[in-house]
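Containing mmCIF, C-alpha atoms: run-v2.cif.
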```
data_start
#
loop_
_atom_site.label_atom_id
_atom_site.label_comp_id
_atom_site.auth_asym_id
_atom_site.auth_seq_id
_atom_site.Cartn_x
_atom_site.Cartn_y
_atom_site.Cartn_z
CA MET E 630 0.00 0.00 0.00
CA SER E 631 1.22 3.48 -0.82
CA LEU E 632 2.28 5.75 2.00
CA GLN E 633 -0.12 8.41 0.70
CA GLU E 634 -3.69 8.42 -0.56
CA PHE E 635 -5.06 10.27 -3.57
CA LEU E 636 -6.51 13.70 -2.88
CA PRO E 637 -10.29 13.66 -3.40
CA THR E 638 -11.59 14.89 -6.75
CA PRO E 639 -14.40 17.46 -7.02
CA LYS E 640 -17.91 16.17 -6.33
CA PHE E 641 -20.65 17.25 -8.70
CA ASP E 642 -23.29 17.99 -6.06
CA GLU E 643 -20.81 20.20 -4.24
CA TYR E 644 -19.64 22.31 -7.17
CA LYS E 645 -23.15 22.47 -8.63
CA GLU E 646 -24.07 24.34 -5.47
CA HIS E 647 -20.80 26.26 -5.32
CA PHE E 648 -21.18 27.72 -8.83
CA LYS E 649 -24.98 28.11 -8.85
CA ASP E 650 -24.84 31.91 -9.00
CA PHE E 651 -22.79 31.73 -12.20
CA PHE E 652 -23.62 28.40 -13.89
CA LEU E 653 -26.74 26.24 -13.83
CA LEU E 654 -25.51 22.65 -14.02
CA GLU E 655 -27.12 19.38 -15.02
CA ARG E 656 -25.29 16.11 -15.61
CA ARG E 657 -26.51 12.98 -17.33
CA ASP E 658 -25.76 9.57 -15.87
CA ASP E 659 -23.14 9.01 -18.59
CA GLY E 660 -21.17 12.14 -17.63
CA VAL E 661 -22.42 14.64 -20.23
CA LEU E 662 -22.41 17.96 -18.34
CA PHE E 663 -24.76 20.75 -19.44
CA ALA E 664 -23.77 24.21 -18.15
CA GLN E 665 -25.68 27.47 -18.62
CA ALA E 666 -23.86 30.67 -17.74
CA HIS E 667 -26.19 33.27 -16.28
CA THR E 668 -26.57 36.41 -14.21
CA ARG E 669 -29.49 36.04 -11.82
CA GLY E 670 -31.16 33.56 -14.14
CA ASP E 671 -30.90 35.72 -17.26
CA SER E 672 -28.30 36.62 -19.88
CA VAL E 673 -24.74 37.05 -18.62
CA LYS E 674 -23.75 40.56 -17.58
CA LEU E 675 -19.98 40.75 -17.44
CA SER E 676 -18.36 41.43 -14.06
CA VAL E 677 -15.06 40.75 -12.35
CA GLU E 678 -16.87 38.09 -10.34
CA ASN E 679 -18.13 35.99 -13.26
CA HIS E 680 -14.92 36.68 -15.18
CA ARG E 681 -13.01 34.92 -12.38
CA ALA E 682 -15.67 32.24 -11.90
CA LEU E 683 -15.29 30.99 -15.47
CA GLY E 684 -11.70 29.84 -15.03
CA GLN E 685 -12.43 28.34 -11.64
CA PHE E 686 -15.41 26.49 -13.11
CA LEU E 687 -13.47 25.09 -16.07
CA LYS E 688 -10.64 23.88 -13.84
CA THR E 689 -13.13 22.20 -11.52
CA VAL E 690 -14.94 20.50 -14.39
CA GLY E 691 -11.61 19.28 -15.74
CA ALA E 692 -10.59 17.91 -12.36
CA ASP E 693 -13.72 15.76 -12.01
CA PRO E 694 -13.10 12.42 -13.78
CA ALA E 695 -16.85 11.75 -13.89
CA ASN E 696 -17.33 14.44 -16.55
CA GLU E 697 -17.14 13.12 -20.12
CA VAL E 698 -18.50 15.91 -22.39
CA LEU E 699 -19.14 19.59 -21.61
CA ILE E 700 -22.00 21.45 -23.30
CA LEU E 701 -21.63 25.16 -22.51
CA THR E 702 -24.12 27.90 -23.33
CA GLY E 703 -25.87 30.95 -21.92
CA THR E 704 -29.25 31.70 -20.39
CA GLY E 705 -31.79 34.18 -21.66
CA ARG E 706 -32.28 36.06 -24.88
CA ASP E 707 -28.63 37.05 -25.37
CA TRP E 708 -25.27 35.49 -24.73
CA MET E 709 -23.63 38.65 -23.34
CA MET E 710 -24.61 42.18 -24.29
CA GLY E 711 -24.07 44.27 -21.17
CA SER E 712 -22.14 44.44 -17.93
CA ASP E 713 -23.10 44.33 -14.28
CA PRO E 714 -23.77 47.96 -13.25
CA ASN E 715 -21.58 47.46 -10.17
CA GLY E 716 -19.42 44.69 -11.55
CA PHE E 717 -16.32 46.77 -12.27
CA GLU E 718 -16.07 48.95 -9.20
CA ILE E 719 -12.59 47.48 -8.66
CA GLU E 720 -11.50 48.81 -12.06
CA GLU E 721 -12.79 52.27 -11.20
CA ARG E 722 -11.25 52.25 -7.73
CA ASP E 723 -7.78 50.88 -8.56
CA LEU E 724 -7.07 50.50 -12.26
CA GLU E 725 -3.58 49.05 -11.85
CA HIS E 726 -4.70 46.40 -9.37
CA TRP E 727 -7.67 45.45 -11.58
CA ALA E 728 -5.51 45.31 -14.73
CA TYR E 729 -3.31 42.57 -13.33
CA GLU E 730 -5.33 40.75 -10.69
CA TYR E 731 -8.75 40.62 -12.33
CA ALA E 732 -8.10 41.18 -16.03
CA TYR E 733 -4.67 39.86 -17.06
CA LYS E 734 -4.40 36.96 -14.61
CA ASP E 735 -8.02 35.80 -14.59
CA GLY E 736 -8.52 36.32 -18.31
CA ARG E 737 -5.49 34.27 -19.33
CA ILE E 738 -6.62 31.48 -17.02
CA ASN E 739 -10.09 31.48 -18.58
CA ILE E 740 -8.88 30.86 -22.13
CA SER E 741 -6.00 28.57 -21.26
CA SER E 742 -8.27 26.47 -19.03
CA LEU E 743 -10.72 25.96 -21.86
CA VAL E 744 -8.08 24.43 -24.11
CA ASN E 745 -5.64 22.94 -21.59
CA ASP E 746 -7.50 21.88 -18.44
CA LEU E 747 -10.34 19.93 -20.04
CA GLU E 748 -9.52 16.44 -21.29
CA ILE E 749 -13.08 16.02 -22.52
CA PRO E 750 -14.84 17.12 -25.73
CA THR E 751 -16.59 20.50 -25.49
CA ILE E 752 -19.62 21.82 -27.36
CA GLY E 753 -20.39 25.54 -27.27
CA LEU E 754 -23.88 26.84 -28.00
CA ILE E 755 -24.21 30.49 -29.02
CA ASN E 756 -27.74 31.13 -27.79
CA GLY E 757 -28.00 34.80 -28.77
CA ASP E 758 -26.25 38.07 -29.55
CA GLY E 759 -23.07 38.81 -27.71
CA TYR E 760 -19.44 39.69 -27.29
CA HIS E 761 -16.72 37.53 -25.75
CA SER E 762 -17.96 34.74 -27.96
CA GLU E 763 -14.49 33.15 -27.85
CA VAL E 764 -15.65 31.21 -24.80
CA LEU E 765 -18.05 29.31 -27.07
CA LEU E 766 -16.19 29.55 -30.38
CA MET E 767 -13.08 27.92 -28.91
CA CYS E 768 -15.00 24.85 -27.79
CA ASP E 769 -14.25 21.82 -29.97
CA LEU E 770 -17.63 22.13 -31.68
CA THR E 771 -19.87 25.19 -31.83
CA LEU E 772 -23.55 25.50 -32.71
CA MET E 773 -25.20 28.89 -33.20
CA ALA E 774 -28.77 30.14 -33.02
CA GLU E 775 -29.88 31.19 -36.48
CA ASP E 776 -30.85 34.69 -35.32
CA ALA E 777 -27.75 35.32 -33.18
CA ARG E 778 -24.93 37.73 -33.99
CA ILE E 779 -21.42 37.79 -32.56
CA TYR E 780 -19.19 40.83 -32.40
CA ASP E 781 -16.15 42.20 -30.63
CA LEU E 782 -16.81 45.29 -28.56
CA HIS E 783 -13.27 46.18 -27.47
CA TYR E 784 -12.27 48.79 -30.02
CA GLY E 785 -15.71 50.37 -29.69
CA ILE E 786 -15.21 50.98 -25.96
CA SER E 787 -11.62 52.21 -26.39
CA SER E 788 -9.98 48.93 -25.39
CA VAL E 789 -7.33 46.98 -27.29
CA PRO E 790 -8.79 43.62 -28.44
CA GLY E 791 -5.99 41.48 -27.03
CA ASP E 792 -7.58 39.37 -24.32
CA GLY E 793 -8.23 36.20 -26.30
CA ILE E 794 -10.85 37.37 -28.78
CA HIS E 795 -7.98 38.28 -31.10
CA SER E 796 -6.57 34.75 -30.84
CA CYS E 797 -9.98 33.31 -31.59
CA PHE E 798 -10.82 35.54 -34.54
CA GLN E 799 -7.38 35.27 -36.14
CA GLU E 800 -7.45 31.48 -35.88
CA LEU E 801 -10.95 31.13 -37.31
CA LEU E 802 -11.21 34.09 -39.69
CA GLY E 803 -7.68 34.59 -40.96
CA VAL E 804 -5.73 37.83 -40.90
CA LYS E 805 -7.89 40.08 -43.10
CA ARG E 806 -11.32 39.09 -41.85
CA ALA E 807 -10.11 39.18 -38.25
CA ALA E 808 -8.66 42.65 -38.73
CA TYR E 809 -11.98 43.89 -40.09
CA ALA E 810 -13.97 42.31 -37.26
CA LEU E 811 -11.65 43.66 -34.55
CA LEU E 812 -11.34 47.19 -35.94
CA THR E 813 -14.96 47.71 -36.96
CA GLY E 814 -16.88 45.65 -34.42
CA GLU E 815 -18.54 43.79 -37.29
CA ALA E 816 -21.71 42.01 -36.17
CA ILE E 817 -21.38 38.57 -37.74
CA ASN E 818 -24.70 36.83 -38.24
CA ALA E 819 -25.17 33.08 -38.10
CA PRO E 820 -25.12 32.34 -41.87
CA THR E 821 -21.93 34.37 -42.23
CA ALA E 822 -20.36 32.66 -39.20
CA LEU E 823 -21.13 29.30 -40.80
CA GLU E 824 -19.72 30.43 -44.15
CA TYR E 825 -16.56 31.73 -42.49
CA GLY E 826 -16.04 28.47 -40.59
CA MET E 827 -16.55 29.97 -37.15
CA VAL E 828 -19.35 27.55 -36.23
CA ASN E 829 -20.31 24.04 -37.28
CA GLU E 830 -24.10 24.31 -37.47
CA ILE E 831 -26.83 26.94 -37.21
CA LEU E 832 -30.28 26.07 -35.90
CA PRO E 833 -33.38 27.66 -34.40
CA LYS E 834 -32.52 28.70 -30.86
CA ASP E 835 -34.94 26.26 -29.27
CA GLU E 836 -33.28 23.33 -31.05
CA LEU E 837 -29.70 24.03 -29.93
CA VAL E 838 -29.69 22.04 -26.70
CA ALA E 839 -31.39 18.96 -28.16
CA ARG E 840 -28.98 18.95 -31.10
CA ALA E 841 -26.00 19.25 -28.75
CA HIS E 842 -27.18 16.19 -26.85
CA VAL E 843 -27.55 14.25 -30.12
CA ILE E 844 -23.93 15.08 -30.94
CA ALA E 845 -22.89 14.20 -27.39
CA ASP E 846 -24.62 10.83 -27.79
CA HIS E 847 -22.51 10.18 -30.89
CA ILE E 848 -19.31 11.20 -29.12
CA MET E 849 -20.11 8.96 -26.17
CA ARG E 850 -20.33 5.86 -28.39
CA GLN E 851 -16.55 5.50 -28.44
CA PRO E 852 -14.39 4.39 -25.51
CA ARG E 853 -13.35 6.99 -22.94
CA THR E 854 -9.69 6.97 -23.92
CA VAL E 855 -10.50 7.42 -27.62
CA ARG E 856 -12.83 10.35 -26.85
CA ARG E 857 -10.30 12.13 -24.71
CA LEU E 858 -7.28 11.55 -26.91
CA THR E 859 -9.19 12.64 -30.02
CA THR E 860 -10.00 15.85 -28.19
CA GLN E 861 -6.31 16.54 -27.71
CA ILE E 862 -5.69 16.10 -31.43
CA VAL E 863 -8.47 18.42 -32.57
CA ARG E 864 -7.57 21.01 -29.94
CA ARG E 865 -3.89 21.21 -30.80
CA PRO E 866 -4.20 24.30 -33.08
CA TRP E 867 -5.83 26.21 -30.22
CA LYS E 868 -3.05 25.20 -27.85
CA LYS E 869 -0.41 26.46 -30.26
CA ARG E 870 -2.31 29.70 -30.84
CA ILE E 871 -2.67 30.34 -27.10
CA VAL E 872 1.01 29.69 -26.41
CA ASP E 873 2.05 31.93 -29.29
CA ASP E 874 0.08 35.08 -28.57
CA LEU E 875 -2.36 35.11 -25.65
CA ASP E 876 0.02 36.46 -23.01
CA GLY E 877 1.48 39.07 -25.34
CA GLY E 878 -1.90 40.23 -26.58
CA PHE E 879 -3.22 40.49 -23.06
CA GLY E 880 -0.16 42.44 -21.98
CA ILE E 881 -0.65 44.93 -24.82
CA GLN E 882 -4.30 45.33 -23.88
CA MET E 883 -3.45 46.02 -20.24
CA PHE E 884 -0.74 48.51 -21.24
CA GLY E 885 -3.41 50.31 -23.25
CA HIS E 886 -5.70 50.50 -20.23
CA LEU E 887 -2.96 51.80 -17.95
CA ALA E 888 -1.63 54.27 -20.53
CA LYS E 889 -5.12 55.64 -21.05
CA GLY E 890 -5.79 55.63 -17.31
CA LYS E 891 -9.53 55.32 -17.70
CA PRO E 892 -11.97 52.48 -16.85
CA VAL E 893 -14.11 51.35 -19.77
CA HIS E 894 -16.34 48.54 -18.49
CA SER E 895 -19.33 50.43 -17.16
CA ASP E 896 -22.69 49.18 -18.36
CA ASP E 897 -23.33 52.53 -20.05
CA SER E 898 -20.13 52.09 -22.06
CA ILE E 899 -20.69 48.44 -22.98
CA SER E 900 -24.45 48.45 -23.56
CA GLY E 901 -24.31 51.79 -25.35
CA SER E 902 -21.63 50.57 -27.74
CA ALA E 903 -23.88 47.71 -28.89
CA ASP E 904 -26.86 49.71 -30.16
CA TYR E 905 -25.96 48.97 -33.77
CA VAL E 906 -26.00 45.23 -33.06
CA ARG E 907 -29.46 45.49 -31.53
CA ASP E 908 -30.58 47.54 -34.53
CA GLY E 909 -29.45 44.80 -36.92
CA ARG E 910 -26.65 46.86 -38.49
CA ARG E 911 -23.38 45.24 -39.48
CA THR E 912 -21.08 47.95 -38.08
CA PRO E 913 -21.49 51.16 -36.02
CA PHE E 914 -20.92 53.27 -39.13
CA ASP E 915 -23.39 51.51 -41.48
#
```
structure tokens encoding of this file:
Amino acid sequence: MSLQEFLPTPKFDEYKEHFKDFFLLERRDDGVLFAQAHTRGDSVKLSVENHRALGQFLKTVGADPANEVLILTGTGRDWMMGSDPNGFEIEERDLEHWAYEYAYKDGRINISSLVNDLEIPTIGLINGDGYHSEVLLMCDLTLMAEDARIYDLHYGISSVPGDGIHSCFQELLGVKRAAYALLTGEAINAPTALEYGMVNEILPKDELVARAHVIADHIMRQPRTVRRLTTQIVRRPWKKRIVDDLDGGFGIQMFGHLAKGKPVHSDDSISGSADYVRDGRRTPFD
């Protein structure tokens, strides 16, 4: 017998309760985990709290060997279109502290955890309009509601788009299309996202979850080792992309914040910058 015992792994009932204010969790008997990000039961409103919770959640899911597939989506009409009115008080109070502790550190963990800490296949469901779609686009497979639009808000709120959305768009769109999306805030609709290769399927919103479970059923037909090792093959381009430019891009973004010396994440700033998306326009200037 070994002199030491294994440390216990996370227990689903415990972290389901622990993360309930950020993710609504259900798990099938075969280990397919369905997670809905939310803010008080509705669409996600970005805050430093849920920004940090994402990385913690992904690491916990990855550390539980009973999880076999992750289906990740949002709750409500949109994916993410605003911010918590009081969710960035730390940024306003101490910009330097926020820039490292809550933006640079937490943000890098979020993206790297998605591609490095999960040994299981992931399916992202874009349930509605929103920014920070990289969380769903960088899943192994992505399905999108046929009336949803994805866009990057950073340049529009005077922020450098270097916190992972650049890695995602450049990998999926290529240099020219990514440059256009990042500089203009292009609202990319579902048919265009499918044409560009950003998503695998588009469906009516109310069919997304059922379709994801059909795909999960197919994935689960193969042995556990085959599922998990295949995931590492298909995820390799993301791992290379993250190693190559996530830290540097994030550092440039944070330098921009500190050089400007002005917080940008108020709900007025974020929600106001998205009026053109709500109006169905492609860019703010069209």
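Using all atoms listed in the file, the smallest distance between any of E:Phe798, E:Lys805, E:Gly691, E:Met827 and Leu772 of chain E comes from E:Met827.
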With a distance cut-off of 8 Å and only C-alpha atoms, select the neighbouring residues of segment 667-676 of chain E, excluding the residue or stretch itself and same-chain residues fewer than 3 positions from it, and output the selection as a PyMOL selection string.
chain E and resi 650-653+679-680+703-713+715-717
Selection under test: the PyMOL selection byres ((chain E and resi 760) around 9); residues as an MDAnalysis selection string:
chainID E and resid 708:711 758:759 761:763 778:783
Selection above as a file: C-alpha atoms, as an mmCIF file, in the coordinates of the input:
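Below is the file that was written, again-v9.cif:
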```cif
data_model
loop_
_atom_site.group_PDB
_atom_site.id
_atom_site.type_symbol
_atom_site.label_atom_id
_atom_site.label_comp_id
_atom_site.auth_asym_id
_atom_site.auth_seq_id
_atom_site.Cartn_x
_atom_site.Cartn_y
_atom_site.Cartn_z
ATOM 1 C CA TRP E 708 -25.270 35.490 -24.730
ATOM 2 C CA MET E 709 -23.630 38.650 -23.340
ATOM 3 C CA MET E 710 -24.610 42.180 -24.290
ATOM 4 C CA GLY E 711 -24.070 44.270 -21.170
ATOM 5 C CA ASP E 758 -26.250 38.070 -29.550
ATOM 6 C CA GLY E 759 -23.070 38.810 -27.710
ATOM 7 C CA HIS E 761 -16.720 37.530 -25.750
ATOM 8 C CA SER E 762 -17.960 34.740 -27.960
ATOM 9 C CA GLU E 763 -14.490 33.150 -27.850
ATOM 10 C CA ARG E 778 -24.930 37.730 -33.990
ATOM 11 C CA ILE E 779 -21.420 37.790 -32.560
ATOM 12 C CA TYR E 780 -19.190 40.830 -32.400
ATOM 13 C CA ASP E 781 -16.150 42.200 -30.630
ATOM 14 C CA LEU E 782 -16.810 45.290 -28.560
ATOM 15 C CA HIS E 783 -13.270 46.180 -27.470
#
```
Tell me which protein, DNA and RNA residues are within 12 Å of Leu654 of chain E, counting all atoms listed in the file, leaving out same-chain ones fewer than 5 positions away, and put them as a tab-separated table (two decimals) with C-alpha atoms, keeping the file's coordinate frame.
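Output (part20.tsv):
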```tsv
chain	number	residue	atom	x	y	z
E	641	PHE	CA	-20.65	17.25	-8.70
E	642	ASP	CA	-23.29	17.99	-6.06
E	643	GLU	CA	-20.81	20.20	-4.24
E	644	TYR	CA	-19.64	22.31	-7.17
E	645	LYS	CA	-23.15	22.47	-8.63
E	646	GLU	CA	-24.07	24.34	-5.47
E	647	HIS	CA	-20.80	26.26	-5.32
E	648	PHE	CA	-21.18	27.72	-8.83
E	649	LYS	CA	-24.98	28.11	-8.85
E	660	GLY	CA	-21.17	12.14	-17.63
E	661	VAL	CA	-22.42	14.64	-20.23
E	662	LEU	CA	-22.41	17.96	-18.34
E	663	PHE	CA	-24.76	20.75	-19.44
E	664	ALA	CA	-23.77	24.21	-18.15
E	665	GLN	CA	-25.68	27.47	-18.62
E	666	ALA	CA	-23.86	30.67	-17.74
E	667	HIS	CA	-26.19	33.27	-16.28
E	686	PHE	CA	-15.41	26.49	-13.11
E	690	VAL	CA	-14.94	20.50	-14.39
E	696	ASN	CA	-17.33	14.44	-16.55
E	699	LEU	CA	-19.14	19.59	-21.61
E	700	ILE	CA	-22.00	21.45	-23.30
E	701	LEU	CA	-21.63	25.16	-22.51
E	702	THR	CA	-24.12	27.90	-23.33
E	703	GLY	CA	-25.87	30.95	-21.92
E	704	THR	CA	-29.25	31.70	-20.39
```
Given the choices E:Ala682, E:Met849, E:Leu802, E:Ala822, which gets closest to Asp735 of chain E if the distance is worked out from all atoms listed in the file?
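Closest candidate: E:Ala682.
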Counting all atoms listed in the file, which residues of segment 819-897 of chain E fall within 9 Å of segment 722-734 of chain E, and what is the closest atom pair for each with its distance in Å at one decimal, ordered by chain and rising number, as a Markdown table?
```
| residue | atom | partner | partner_atom | distance |
| --- | --- | --- | --- | --- |
| E:Asp876 | CA | E:Tyr733 | CA | 8.3 |
| E:Phe879 | CA | E:Tyr733 | CA | 6.2 |
| E:Gly880 | CA | E:Tyr733 | CA | 7.2 |
| E:Gln882 | CA | E:Tyr733 | CA | 8.8 |
| E:Met883 | CA | E:Ala728 | CA | 5.9 |
| E:Phe884 | CA | E:Ala728 | CA | 8.7 |
| E:His886 | CA | E:Ala728 | CA | 7.6 |
| E:Leu887 | CA | E:Glu725 | CA | 6.7 |
| E:Gly890 | CA | E:Leu724 | CA | 7.3 |
| E:Lys891 | CA | E:Leu724 | CA | 7.7 |
| E:Pro892 | CA | E:Leu724 | CA | 7.0 |
```
